[in-house]
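Containing compact mmCIF, C-alpha atoms and all ligand atoms: upload_7.txt.
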# COMPACT_ATOMS: atom_id res chain seq x y z
CA MET A 1 -32.83 148.26 82.85
CA MET A 2 -31.37 145.99 80.18
CA GLU A 3 -28.25 144.03 81.16
CA ASN A 4 -26.07 145.46 78.40
CA ALA A 5 -27.45 148.96 78.31
CA PRO A 6 -24.62 151.51 77.91
CA ARG A 7 -23.41 153.10 81.13
CA ALA A 8 -21.75 156.49 81.26
CA ALA A 9 -20.77 158.81 84.10
CA VAL A 10 -19.23 162.10 85.07
CA ILE A 11 -15.87 161.61 86.75
CA GLY A 12 -14.34 164.18 89.08
CA TRP A 13 -13.31 164.93 92.65
CA PRO A 14 -15.58 166.13 94.08
CA VAL A 15 -18.40 165.49 91.66
CA LYS A 16 -21.61 165.85 93.60
CA HIS A 17 -22.40 169.32 92.25
CA SER A 18 -22.14 168.27 88.62
CA ARG A 19 -25.27 169.00 86.56
CA SER A 20 -24.31 166.45 83.92
CA PRO A 21 -26.48 163.62 85.33
CA ILE A 22 -29.59 165.84 85.14
CA ILE A 23 -28.87 166.63 81.50
CA HIS A 24 -28.07 163.10 80.31
CA ARG A 25 -30.82 161.42 82.31
CA HIS A 26 -33.33 163.88 80.86
CA TRP A 27 -32.19 162.97 77.35
CA LEU A 28 -32.25 159.21 78.07
CA LYS A 29 -35.85 159.59 79.21
CA THR A 30 -36.89 161.95 76.40
CA TYR A 31 -35.56 159.68 73.66
CA ASP A 32 -36.62 156.51 75.50
CA LEU A 33 -33.15 154.99 75.34
CA ALA A 34 -31.74 152.19 77.45
CA GLY A 35 -28.73 153.40 79.40
CA SER A 36 -27.60 155.08 82.57
CA TYR A 37 -25.54 158.07 83.64
CA ASP A 38 -24.03 158.38 87.11
CA ARG A 39 -21.61 160.40 89.19
CA LEU A 40 -18.25 158.81 89.88
CA ALA A 41 -16.11 160.41 92.58
CA LEU A 42 -12.56 159.31 91.89
CA GLU A 43 -9.84 159.69 94.50
CA PRO A 44 -6.79 161.52 93.16
CA GLU A 45 -4.36 158.67 93.88
CA LYS A 46 -6.51 156.30 91.84
CA ALA A 47 -7.15 158.59 88.89
CA GLU A 48 -4.35 157.70 86.54
CA ALA A 49 -4.76 153.93 86.99
CA PHE A 50 -8.51 154.28 86.51
CA PHE A 51 -8.20 156.05 83.15
CA ARG A 52 -5.41 153.71 82.01
CA SER A 53 -7.63 150.70 82.62
CA PHE A 54 -10.89 152.39 81.61
CA SER A 55 -11.89 149.41 79.45
CA SER A 56 -12.46 147.36 82.60
CA SER A 57 -14.65 150.02 84.26
CA GLY A 58 -17.88 148.80 82.69
CA LEU A 59 -18.51 152.27 81.28
CA VAL A 60 -18.84 153.06 77.56
CA GLY A 61 -17.54 156.53 78.20
CA ALA A 62 -17.65 159.51 80.49
CA ASN A 63 -17.47 163.20 81.05
CA VAL A 64 -14.34 164.25 82.83
CA THR A 65 -14.41 167.24 85.11
CA ILE A 66 -12.13 169.05 87.56
CA PRO A 67 -9.43 168.07 88.44
CA TYR A 68 -8.94 165.28 85.86
CA LYS A 69 -9.18 166.92 82.43
CA GLU A 70 -5.39 166.88 82.03
CA THR A 71 -4.98 163.37 83.51
CA ALA A 72 -7.57 162.04 81.08
CA PHE A 73 -5.82 163.84 78.25
CA SER A 74 -2.55 162.07 79.00
CA CYS A 75 -4.19 158.64 79.39
CA CYS A 76 -6.17 158.59 76.12
CA ASP A 77 -4.99 156.47 73.20
CA GLU A 78 -6.13 159.21 70.83
CA VAL A 79 -7.46 162.77 71.25
CA ASP A 80 -9.28 165.11 68.86
CA GLU A 81 -7.87 168.41 67.61
CA THR A 82 -9.66 170.61 70.17
CA ALA A 83 -8.47 168.49 73.09
CA ARG A 84 -4.94 168.66 71.73
CA VAL A 85 -5.07 172.44 71.36
CA LEU A 86 -6.59 172.91 74.81
CA GLY A 87 -4.46 170.23 76.49
CA ALA A 88 -7.55 168.92 78.25
CA VAL A 89 -10.17 166.23 77.69
CA ASN A 90 -13.74 166.52 78.99
CA THR A 91 -15.37 163.64 77.09
CA ILE A 92 -14.11 160.09 76.64
CA VAL A 93 -15.44 157.08 74.81
CA LEU A 94 -14.22 153.52 74.39
CA LYS A 95 -14.03 152.37 70.82
CA ASP A 96 -12.68 148.94 69.93
CA GLY A 97 -10.88 148.84 73.26
CA ARG A 98 -9.18 152.20 72.66
CA LEU A 99 -9.83 155.27 74.79
CA LEU A 100 -10.69 158.29 72.64
CA GLY A 101 -10.72 161.75 74.17
CA SER A 102 -12.31 164.97 73.02
CA ASN A 103 -12.99 168.42 74.35
CA THR A 104 -16.50 169.72 73.72
CA ASP A 105 -16.15 173.18 75.31
CA GLU A 106 -15.57 174.87 71.95
CA PHE A 107 -18.59 173.05 70.51
CA GLY A 108 -20.66 174.08 73.56
CA PHE A 109 -19.65 177.72 73.40
CA LEU A 110 -20.37 177.98 69.66
CA GLY A 111 -23.63 176.02 69.91
CA SER A 112 -24.85 178.28 72.67
CA LEU A 113 -24.10 181.45 70.67
CA ASP A 114 -25.50 180.03 67.43
CA SER A 115 -28.81 179.30 69.10
CA GLY A 116 -28.90 182.27 71.49
CA ALA A 117 -27.73 184.94 69.03
CA PRO A 118 -28.02 183.52 65.50
CA GLY A 119 -25.68 185.26 63.07
CA TRP A 120 -23.45 186.57 65.88
CA ASP A 121 -20.31 185.77 63.88
CA GLU A 122 -21.52 187.84 60.90
CA ILE A 123 -22.03 191.06 62.91
CA GLY A 124 -18.31 191.74 62.93
CA LYS A 125 -15.05 189.89 63.25
CA THR A 126 -13.58 191.30 66.45
CA ALA A 127 -14.00 189.97 69.99
CA ILE A 128 -12.98 190.91 73.50
CA VAL A 129 -12.24 188.06 75.90
CA LEU A 130 -11.76 188.71 79.59
CA GLY A 131 -9.66 186.13 81.43
CA ALA A 132 -6.89 183.72 80.53
CA GLY A 133 -7.70 180.47 82.34
CA GLY A 134 -8.83 177.12 80.97
CA ALA A 135 -12.26 178.44 79.98
CA ALA A 136 -10.71 181.40 78.15
CA ARG A 137 -8.54 179.01 76.17
CA ALA A 138 -11.60 177.16 74.83
CA VAL A 139 -13.43 180.42 74.10
CA VAL A 140 -10.48 181.94 72.24
CA TRP A 141 -10.06 178.78 70.18
CA ALA A 142 -13.78 178.84 69.34
CA LEU A 143 -13.73 182.50 68.28
CA LEU A 144 -10.65 181.98 66.11
CA SER A 145 -12.34 179.01 64.44
CA ARG A 146 -15.06 181.40 63.23
CA GLY A 147 -12.51 183.83 61.85
CA LEU A 148 -12.64 186.45 64.61
CA THR A 149 -9.70 188.41 65.96
CA VAL A 150 -9.46 188.29 69.75
CA HIS A 151 -8.45 191.10 72.09
CA LEU A 152 -7.48 189.55 75.39
CA PHE A 153 -7.63 191.26 78.81
CA ASN A 154 -6.52 189.63 82.03
CA ARG A 155 -5.54 190.70 85.53
CA THR A 156 -2.24 188.84 85.13
CA ARG A 157 -0.90 190.05 81.82
CA LYS A 158 1.75 187.36 81.66
CA ARG A 159 -0.86 184.64 81.72
CA ALA A 160 -2.72 186.33 78.85
CA LYS A 161 0.53 186.51 76.93
CA VAL A 162 1.12 182.76 77.35
CA LEU A 163 -2.38 182.07 76.04
CA ALA A 164 -1.95 184.46 73.11
CA ASP A 165 1.41 182.98 72.16
CA ARG A 166 -0.23 179.59 71.91
CA PHE A 167 -2.63 180.83 69.25
CA GLY A 168 -0.51 183.23 67.17
CA SER A 169 -1.34 186.58 65.62
CA GLY A 170 -5.14 186.28 65.88
CA VAL A 171 -4.92 187.07 69.59
CA GLN A 172 -3.69 190.40 70.97
CA VAL A 173 -3.06 191.15 74.64
CA HIS A 174 -4.01 194.56 76.09
CA GLU A 175 -3.89 196.59 79.28
CA PHE A 176 -7.24 197.38 80.89
CA ASP A 177 -6.67 201.07 80.09
CA ASP A 178 -7.23 200.17 76.44
CA LEU A 179 -10.63 198.62 77.09
CA PRO A 180 -12.84 201.67 76.24
CA THR A 181 -11.10 202.12 72.88
CA ILE A 182 -11.22 198.46 71.90
CA LEU A 183 -14.87 198.18 73.02
CA LYS A 184 -15.83 200.57 70.21
CA THR A 185 -14.68 198.07 67.62
CA VAL A 186 -16.03 194.74 68.84
CA SER A 187 -19.00 192.62 67.87
CA ILE A 188 -18.79 190.29 70.87
CA PHE A 189 -17.66 190.57 74.48
CA VAL A 190 -17.03 187.39 76.50
CA ASN A 191 -16.41 187.14 80.24
CA THR A 192 -14.59 183.96 81.21
CA THR A 193 -13.56 185.09 84.71
CA SER A 194 -15.38 184.42 87.95
CA PHE A 195 -16.51 188.05 88.19
CA GLY A 196 -20.28 188.17 88.57
CA MET A 197 -20.51 184.67 89.98
CA GLU A 198 -22.66 184.36 93.10
CA GLY A 199 -20.58 185.56 96.06
CA GLN A 200 -17.99 187.22 93.79
CA PRO A 201 -17.67 190.90 92.88
CA ALA A 202 -19.45 192.14 89.76
CA LEU A 203 -17.43 193.10 86.73
CA ASP A 204 -17.04 196.86 86.70
CA VAL A 205 -17.03 197.73 83.02
CA ASP A 206 -18.67 200.55 81.10
CA LEU A 207 -20.23 198.99 78.01
CA SER A 208 -21.38 202.31 76.53
CA PRO A 209 -18.67 202.48 73.83
CA MET A 210 -19.84 199.14 72.34
CA PRO A 211 -21.73 199.17 69.04
CA GLY A 212 -25.48 198.64 69.54
CA SER A 213 -25.39 195.48 67.42
CA ALA A 214 -22.87 193.72 69.67
CA VAL A 215 -23.39 190.54 71.70
CA VAL A 216 -22.36 190.11 75.34
CA THR A 217 -21.97 186.65 76.83
CA ASP A 218 -20.80 185.26 80.13
CA ILE A 219 -19.66 181.76 80.92
CA VAL A 220 -20.83 182.24 84.51
CA TYR A 221 -24.37 180.81 84.90
CA VAL A 222 -25.02 181.22 88.61
CA PRO A 223 -26.75 183.63 88.64
CA LEU A 224 -28.22 183.09 85.19
CA GLU A 225 -28.27 186.81 84.55
CA THR A 226 -24.96 188.12 85.83
CA PRO A 227 -24.59 191.86 86.54
CA LEU A 228 -22.67 192.09 83.24
CA LEU A 229 -25.55 190.55 81.28
CA ALA A 230 -28.08 192.78 83.07
CA LEU A 231 -26.03 195.84 82.17
CA ALA A 232 -25.82 194.71 78.54
CA ARG A 233 -29.55 194.05 78.40
CA HIS A 234 -30.32 197.52 79.77
CA ARG A 235 -28.17 198.97 77.03
CA GLY A 236 -30.19 197.06 74.45
CA LEU A 237 -27.34 194.72 73.51
CA GLN A 238 -27.93 191.06 72.67
CA THR A 239 -27.06 188.76 75.55
CA VAL A 240 -26.38 185.02 75.83
CA ASP A 241 -26.17 183.42 79.27
CA GLY A 242 -23.67 180.79 80.38
CA LEU A 243 -26.13 177.94 80.83
CA GLY A 244 -26.28 177.38 77.07
CA MET A 245 -22.61 176.41 76.96
CA LEU A 246 -23.07 173.86 79.75
CA LEU A 247 -26.01 172.26 77.94
CA HIS A 248 -24.55 172.31 74.44
CA GLN A 249 -21.18 170.89 75.50
CA ALA A 250 -23.04 167.75 76.62
CA ILE A 251 -24.39 166.94 73.13
CA PRO A 252 -21.40 165.15 71.56
CA GLY A 253 -20.83 162.82 74.53
CA PHE A 254 -24.44 161.73 74.65
CA GLU A 255 -24.39 160.95 70.95
CA LEU A 256 -21.15 158.97 71.28
CA TRP A 257 -22.35 156.83 74.19
CA PHE A 258 -26.05 156.40 73.46
CA GLY A 259 -26.19 156.76 69.67
CA HIS A 260 -28.70 159.58 69.40
CA ARG A 261 -27.97 163.26 68.80
CA PRO A 262 -29.90 165.14 71.51
CA GLN A 263 -31.41 168.62 71.42
CA VAL A 264 -31.06 171.47 73.88
CA THR A 265 -34.65 172.51 74.55
CA ALA A 266 -36.46 175.02 76.76
CA GLU A 267 -37.63 172.04 78.81
CA LEU A 268 -34.05 170.92 79.50
CA ARG A 269 -33.08 174.45 80.48
CA SER A 270 -35.94 174.69 82.94
CA ILE A 271 -35.14 171.30 84.49
CA VAL A 272 -31.53 172.32 85.11
CA LEU A 273 -32.59 175.73 86.44
CA GLU A 274 -35.04 174.07 88.80
CA ASP A 275 -32.26 171.85 90.10
CA MET A 276 -30.04 174.88 90.65
CA ALA A 277 -32.81 176.65 92.56
CA TRP A 278 -33.30 173.54 94.66
CA ASP A 279 -29.59 173.45 95.54
CA GLU A 280 -29.79 177.08 96.56
CA LYS A 281 -32.68 176.32 98.90
CA LEU A 282 -30.83 173.42 100.46
CA GLY A 283 -27.78 175.64 100.86
CA GLU A 284 -29.84 178.18 102.79
CA ALA A 285 -31.35 175.57 105.08
P1 LIG B 301 -11.04 178.57 84.51
O1 LIG B 301 -10.26 177.34 84.18
O2 LIG B 301 -12.44 178.32 84.96
O3 LIG B 301 -10.99 179.56 83.41
P2 LIG B 301 -8.92 179.76 86.08
O4 LIG B 301 -7.91 179.04 85.28
O5 LIG B 301 -8.79 179.81 87.57
O6 LIG B 301 -10.37 179.18 85.83
O7 LIG B 301 -9.03 181.25 85.51
C1 LIG B 301 -9.78 182.23 86.13
C2 LIG B 301 -9.68 183.55 85.36
O8 LIG B 301 -10.39 184.56 86.12
C3 LIG B 301 -8.27 184.07 85.23
O9 LIG B 301 -8.18 184.80 84.04
C4 LIG B 301 -8.14 185.00 86.45
O10 LIG B 301 -7.17 186.00 86.32
P3 LIG B 301 -5.62 185.71 86.67
O11 LIG B 301 -5.04 184.98 85.50
O12 LIG B 301 -5.04 187.07 86.84
O13 LIG B 301 -5.62 184.89 87.93
C5 LIG B 301 -9.50 185.61 86.49
N1 LIG B 301 -9.89 186.09 87.81
C6 LIG B 301 -10.37 185.37 88.84
N2 LIG B 301 -10.61 186.15 89.92
C7 LIG B 301 -10.26 187.42 89.57
C8 LIG B 301 -10.28 188.68 90.22
N3 LIG B 301 -10.71 188.82 91.48
N4 LIG B 301 -9.86 189.76 89.55
C9 LIG B 301 -9.43 189.64 88.28
N5 LIG B 301 -9.39 188.48 87.59
C10 LIG B 301 -9.80 187.37 88.22

Now that the file is in, can you turn its structure into structure tokens?
Amino acid sequence: MMENAPRAAVIGWPVKHSRSPIIHRHWLKTYDLAGSYDRLALEPEKAEAFFRSFSSSGLVGANVTIPYKETAFSCCDEVDETARVLGAVNTIVLKDGRLLGSNTDEFGFLGSLDSGAPGWDEIGKTAIVLGAGGAARAVVWALLSRGLTVHLFNRTRKRAKVLADRFGSGVQVHEFDDLPTILKTVSIFVNTTSFGMEGQPALDVDLSPMPGSAVVTDIVYVPLETPLLALARHRGLQTVDGLGMLLHQAIPGFELWFGHRPQVTAELRSIVLEDMAWDEKLGEA
């Protein structure tokens, strides 16, 4: 490895389950670039000081994951519009000694849909989003940016209301009783809750009122085909799995740190899936 090759990392606590090193190391190898990408487990009491003095870390930049997306946000010298709207930073880069923060979740969500269901935002202009956490915030922002109206459903209505108020009239909050009626009108359905995740209950929703042209997507990617996506597929609806968002959100960081815009390929998908299967095996042992 060259002495001055750019070094990046994923920073979190804990961070050992992060897939980011697999993705970035694959790209470094594919494009034959000098550089490295590691995991950096950062103790909570050291987090703020670390980000404030990032320029002495030896890293050119990093991905920031749970629980530091808000800490990083507050320590950056400058943040992009998406990070500002979401109040969270997941990608940082040092430029001329200044720490610049961005949030690539919107980019990742849109990139995944654009490649998995091309033309999805032309089918119609109405979406259903389930959930009102951090992931929902990024998804809602992404859908609004493509001119869609969002119907929001969440177990805790108040939390949905807070999210909707942040974004204005393009987001409407509903009771679950309204779901069958609203389903008739939508072109895309997005699950941002943990329903359907391995070890969690499946989402119990009847998709039959949805138009046949609609797209269903899930941000959960373990399992890759959640019960919701299986249901949608059986109904003949277009489906996009959650792995695409994880892979696409990595693109801007890689380009910032290593100077080459990478591609999400079938090969990358299979490498990450293989790693997930390997983890599962180790978990069973
Ligand atoms: P993230 O940042 O990943 O979006 P989060 O902020 O914990 O995670 O949000 C999780 C979302 O899943 C929330 O919308 C949550 O609903 P509440 O706001 O009512 O907590 C939803 N969720 C998680 N488990 C749920 C369950 N068992 N039933 C219904 N909704 C659930």

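For Trp141 in chain A, the set of protein, DNA and RNA residues having any atom at most 9 Å away, when counting only C-alpha atoms and skipping those fewer than 6 positions along the same chain, is Thr82, Val85, Leu86, Glu106 and Phe167 of chain A.
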
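Look at Val186 in chain A: the protein and nucleic acid residues within 12 Å of it, using all atoms listed in the file and passing over chain neighbours fewer than 6 places away, are Trp120, Asp121, Glu122, Ile123, Gly124, Lys125, Thr126, Ala127, Ile128, Val129, Leu148, Thr149, Val150, His151, Leu152, Leu179, Pro180, Leu207, Pro209, Met210, Pro211, Gly212, Ser213, Ala214, Val215 and Val216 of chain A.
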
Output C-alpha atoms for every residue in that selection, as an mmCIF file, in the frame of the given file.
data_model
loop_
_atom_site.group_PDB
_atom_site.id
_atom_site.type_symbol
_atom_site.label_atom_id
_atom_site.label_comp_id
_atom_site.auth_asym_id
_atom_site.auth_seq_id
_atom_site.Cartn_x
_atom_site.Cartn_y
_atom_site.Cartn_z
ATOM 1 C CA TRP A 120 -23.450 186.570 65.880
ATOM 2 C CA ASP A 121 -20.310 185.770 63.880
ATOM 3 C CA GLU A 122 -21.520 187.840 60.900
ATOM 4 C CA ILE A 123 -22.030 191.060 62.910
ATOM 5 C CA GLY A 124 -18.310 191.740 62.930
ATOM 6 C CA LYS A 125 -15.050 189.890 63.250
ATOM 7 C CA THR A 126 -13.580 191.300 66.450
ATOM 8 C CA ALA A 127 -14.000 189.970 69.990
ATOM 9 C CA ILE A 128 -12.980 190.910 73.500
ATOM 10 C CA VAL A 129 -12.240 188.060 75.900
ATOM 11 C CA LEU A 148 -12.640 186.450 64.610
ATOM 12 C CA THR A 149 -9.700 188.410 65.960
ATOM 13 C CA VAL A 150 -9.460 188.290 69.750
ATOM 14 C CA HIS A 151 -8.450 191.100 72.090
ATOM 15 C CA LEU A 152 -7.480 189.550 75.390
ATOM 16 C CA LEU A 179 -10.630 198.620 77.090
ATOM 17 C CA PRO A 180 -12.840 201.670 76.240
ATOM 18 C CA LEU A 207 -20.230 198.990 78.010
ATOM 19 C CA PRO A 209 -18.670 202.480 73.830
ATOM 20 C CA MET A 210 -19.840 199.140 72.340
ATOM 21 C CA PRO A 211 -21.730 199.170 69.040
ATOM 22 C CA GLY A 212 -25.480 198.640 69.540
ATOM 23 C CA SER A 213 -25.390 195.480 67.420
ATOM 24 C CA ALA A 214 -22.870 193.720 69.670
ATOM 25 C CA VAL A 215 -23.390 190.540 71.700
ATOM 26 C CA VAL A 216 -22.360 190.110 75.340
#

Practice item. Find the distance between atom O13 of ligand LIG 301 (chain B) and CA of Asp178 in chain A and write it in Å to one decimal. Key: 19.2 Å

Check your understanding: Rounded to one decimal in Å, what is the spacing between CA of Ala132 in chain A and CA of Val190 in chain A?
Key -> 11.5 Å

Check your understanding: Taking all atoms listed in the file into account, which residues are within 6 Å of ligand LIG 301 (chain B), as an MDAnalysis selection string?
Key -> chainID A and resid 131:136 154:156 159 193:194

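Closest approach to Ala117 in chain A from the set A:Glu70, A:Glu255, A:Asp241, A:Asp105 is made by A:Asp241, with distances taken over all atoms listed in the file.
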
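Once Ala88 in chain A and its same-chain neighbours fewer than 5 positions away are set aside, Lys69, Glu70, Ala72, Phe73, Ala83 and Asn103 of chain A remain within 8 Å of it when counting all atoms listed in the file.
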
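Going from CA of Val139 in chain A over to CA of Gln249 in chain A, you cover 12.4 Å.
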
Exercise for review: Take the point (-12.2, 162.2, 72.6) as written in the file and pick out every residue within 12 Å of it, counting all atoms listed in the file; give the list as an MDAnalysis selection string.
Suggested key: chainID A and resid 61:64 69 72:84 87:95 98:105 252:253 256:257

Dump C-alpha atoms for the selected residues as an mmCIF file, keeping the file's coordinate frame?
data_model
loop_
_atom_site.group_PDB
_atom_site.id
_atom_site.type_symbol
_atom_site.label_atom_id
_atom_site.label_comp_id
_atom_site.auth_asym_id
_atom_site.auth_seq_id
_atom_site.Cartn_x
_atom_site.Cartn_y
_atom_site.Cartn_z
ATOM 1 C CA GLY A 61 -17.540 156.530 78.200
ATOM 2 C CA ALA A 62 -17.650 159.510 80.490
ATOM 3 C CA ASN A 63 -17.470 163.200 81.050
ATOM 4 C CA VAL A 64 -14.340 164.250 82.830
ATOM 5 C CA LYS A 69 -9.180 166.920 82.430
ATOM 6 C CA ALA A 72 -7.570 162.040 81.080
ATOM 7 C CA PHE A 73 -5.820 163.840 78.250
ATOM 8 C CA SER A 74 -2.550 162.070 79.000
ATOM 9 C CA CYS A 75 -4.190 158.640 79.390
ATOM 10 C CA CYS A 76 -6.170 158.590 76.120
ATOM 11 C CA ASP A 77 -4.990 156.470 73.200
ATOM 12 C CA GLU A 78 -6.130 159.210 70.830
ATOM 13 C CA VAL A 79 -7.460 162.770 71.250
ATOM 14 C CA ASP A 80 -9.280 165.110 68.860
ATOM 15 C CA GLU A 81 -7.870 168.410 67.610
ATOM 16 C CA THR A 82 -9.660 170.610 70.170
ATOM 17 C CA ALA A 83 -8.470 168.490 73.090
ATOM 18 C CA ARG A 84 -4.940 168.660 71.730
ATOM 19 C CA GLY A 87 -4.460 170.230 76.490
ATOM 20 C CA ALA A 88 -7.550 168.920 78.250
ATOM 21 C CA VAL A 89 -10.170 166.230 77.690
ATOM 22 C CA ASN A 90 -13.740 166.520 78.990
ATOM 23 C CA THR A 91 -15.370 163.640 77.090
ATOM 24 C CA ILE A 92 -14.110 160.090 76.640
ATOM 25 C CA VAL A 93 -15.440 157.080 74.810
ATOM 26 C CA LEU A 94 -14.220 153.520 74.390
ATOM 27 C CA LYS A 95 -14.030 152.370 70.820
ATOM 28 C CA ARG A 98 -9.180 152.200 72.660
ATOM 29 C CA LEU A 99 -9.830 155.270 74.790
ATOM 30 C CA LEU A 100 -10.690 158.290 72.640
ATOM 31 C CA GLY A 101 -10.720 161.750 74.170
ATOM 32 C CA SER A 102 -12.310 164.970 73.020
ATOM 33 C CA ASN A 103 -12.990 168.420 74.350
ATOM 34 C CA THR A 104 -16.500 169.720 73.720
ATOM 35 C CA ASP A 105 -16.150 173.180 75.310
ATOM 36 C CA PRO A 252 -21.400 165.150 71.560
ATOM 37 C CA GLY A 253 -20.830 162.820 74.530
ATOM 38 C CA LEU A 256 -21.150 158.970 71.280
ATOM 39 C CA TRP A 257 -22.350 156.830 74.190
#

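For the set A:Leu130, A:His248, A:Ile182, A:Glu280, the residue with the smallest atom-to-atom gap to Leu203 in chain A is A:Leu130, counting all atoms listed in the file.
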
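Using all atoms listed in the file, the shortest contact distance between Asp206 in chain A and any of A:Ile219, A:Leu228, A:Ile188, A:Leu144 is found at A:Leu228.
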
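Of the residues under consideration (A:Pro201, A:Gly170, A:Gly108, A:Gly147), A:Gly108 shows the shortest atom-to-atom contact distance to Gly244 in chain A when counting all atoms listed in the file.
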
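If all atoms listed in the file are the atoms counted, then among A:Gly242, A:Leu40, A:Gly97, A:Lys281 the closest residue to Arg52 in chain A is A:Gly97.
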
Check your understanding: Which one is closest to Val205 in chain A: A:Phe176, A:Glu43, A:Arg233, A:Lys158? Count only C-alpha atoms.
Key -> A:Phe176

Practice item. Would you mind listing what lies within 12 Å of range 271-279 of chain A as a PyMOL selection string, with all atoms listed in the file counted and same-chain residues fewer than 4 positions away left out? Key: chain A and resi 16-27+221-224+242-244+246-247+264-267+283-285

Check your understanding: Quick one: residues within 7 Å of Val173 in chain A, only C-alpha atoms counted, chain neighbours fewer than 2 positions away excluded, as a PyMOL selection string?
Key -> chain A and resi 151-153+160-161+164+171

Take range 48-53 of chain A, bring it up to all heavy atoms, and give me the output as an mmCIF file, in the frame of the given file.
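To be explicit, this is the file written out as out36.cif:
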data_model
loop_
_atom_site.group_PDB
_atom_site.id
_atom_site.type_symbol
_atom_site.label_atom_id
_atom_site.label_comp_id
_atom_site.auth_asym_id
_atom_site.auth_seq_id
_atom_site.Cartn_x
_atom_site.Cartn_y
_atom_site.Cartn_z
ATOM 1 N N GLU A 48 -5.095 158.104 87.714
ATOM 2 C CA GLU A 48 -4.350 157.700 86.540
ATOM 3 C C GLU A 48 -4.599 156.224 86.198
ATOM 4 O O GLU A 48 -4.877 155.873 85.041
ATOM 5 C CB GLU A 48 -2.856 157.972 86.720
ATOM 6 C CG GLU A 48 -2.124 157.583 85.464
ATOM 7 C CD GLU A 48 -0.792 158.270 85.294
ATOM 8 O OE1 GLU A 48 -0.466 159.194 86.061
ATOM 9 O OE2 GLU A 48 -0.082 157.865 84.353
ATOM 10 N N ALA A 49 -4.539 155.373 87.218
ATOM 11 C CA ALA A 49 -4.760 153.930 86.990
ATOM 12 C C ALA A 49 -6.164 153.683 86.452
ATOM 13 O O ALA A 49 -6.374 152.830 85.576
ATOM 14 C CB ALA A 49 -4.545 153.173 88.296
ATOM 15 N N PHE A 50 -7.131 154.456 86.960
ATOM 16 C CA PHE A 50 -8.510 154.280 86.510
ATOM 17 C C PHE A 50 -8.628 154.571 85.002
ATOM 18 O O PHE A 50 -9.197 153.776 84.244
ATOM 19 C CB PHE A 50 -9.458 155.209 87.288
ATOM 20 C CG PHE A 50 -10.869 155.127 86.816
ATOM 21 C CD1 PHE A 50 -11.725 154.139 87.303
ATOM 22 C CD2 PHE A 50 -11.356 156.001 85.852
ATOM 23 C CE1 PHE A 50 -13.037 154.032 86.844
ATOM 24 C CE2 PHE A 50 -12.663 155.900 85.386
ATOM 25 C CZ PHE A 50 -13.500 154.912 85.884
ATOM 26 N N PHE A 51 -8.082 155.702 84.581
ATOM 27 C CA PHE A 51 -8.200 156.050 83.150
ATOM 28 C C PHE A 51 -7.399 155.078 82.283
ATOM 29 O O PHE A 51 -7.824 154.719 81.192
ATOM 30 C CB PHE A 51 -7.758 157.502 82.902
ATOM 31 C CG PHE A 51 -8.736 158.511 83.431
ATOM 32 C CD1 PHE A 51 -8.410 159.348 84.486
ATOM 33 C CD2 PHE A 51 -10.011 158.619 82.886
ATOM 34 C CE1 PHE A 51 -9.325 160.282 84.985
ATOM 35 C CE2 PHE A 51 -10.936 159.544 83.367
ATOM 36 C CZ PHE A 51 -10.592 160.378 84.425
ATOM 37 N N ARG A 52 -6.246 154.645 82.800
ATOM 38 C CA ARG A 52 -5.410 153.710 82.010
ATOM 39 C C ARG A 52 -6.105 152.365 81.813
ATOM 40 O O ARG A 52 -5.878 151.694 80.815
ATOM 41 C CB ARG A 52 -4.052 153.502 82.687
ATOM 42 C CG ARG A 52 -3.213 154.761 82.744
ATOM 43 C CD ARG A 52 -1.898 154.632 81.988
ATOM 44 N NE ARG A 52 -1.179 155.895 82.042
ATOM 45 C CZ ARG A 52 -1.009 156.712 81.007
ATOM 46 N NH1 ARG A 52 -1.478 156.405 79.825
ATOM 47 N NH2 ARG A 52 -0.353 157.849 81.138
ATOM 48 N N SER A 53 -6.932 151.990 82.782
ATOM 49 C CA SER A 53 -7.630 150.700 82.620
ATOM 50 C C SER A 53 -9.134 150.920 82.445
ATOM 51 O O SER A 53 -9.956 150.149 82.933
ATOM 52 C CB SER A 53 -7.362 149.804 83.829
ATOM 53 O OG SER A 53 -7.790 150.473 84.997
#
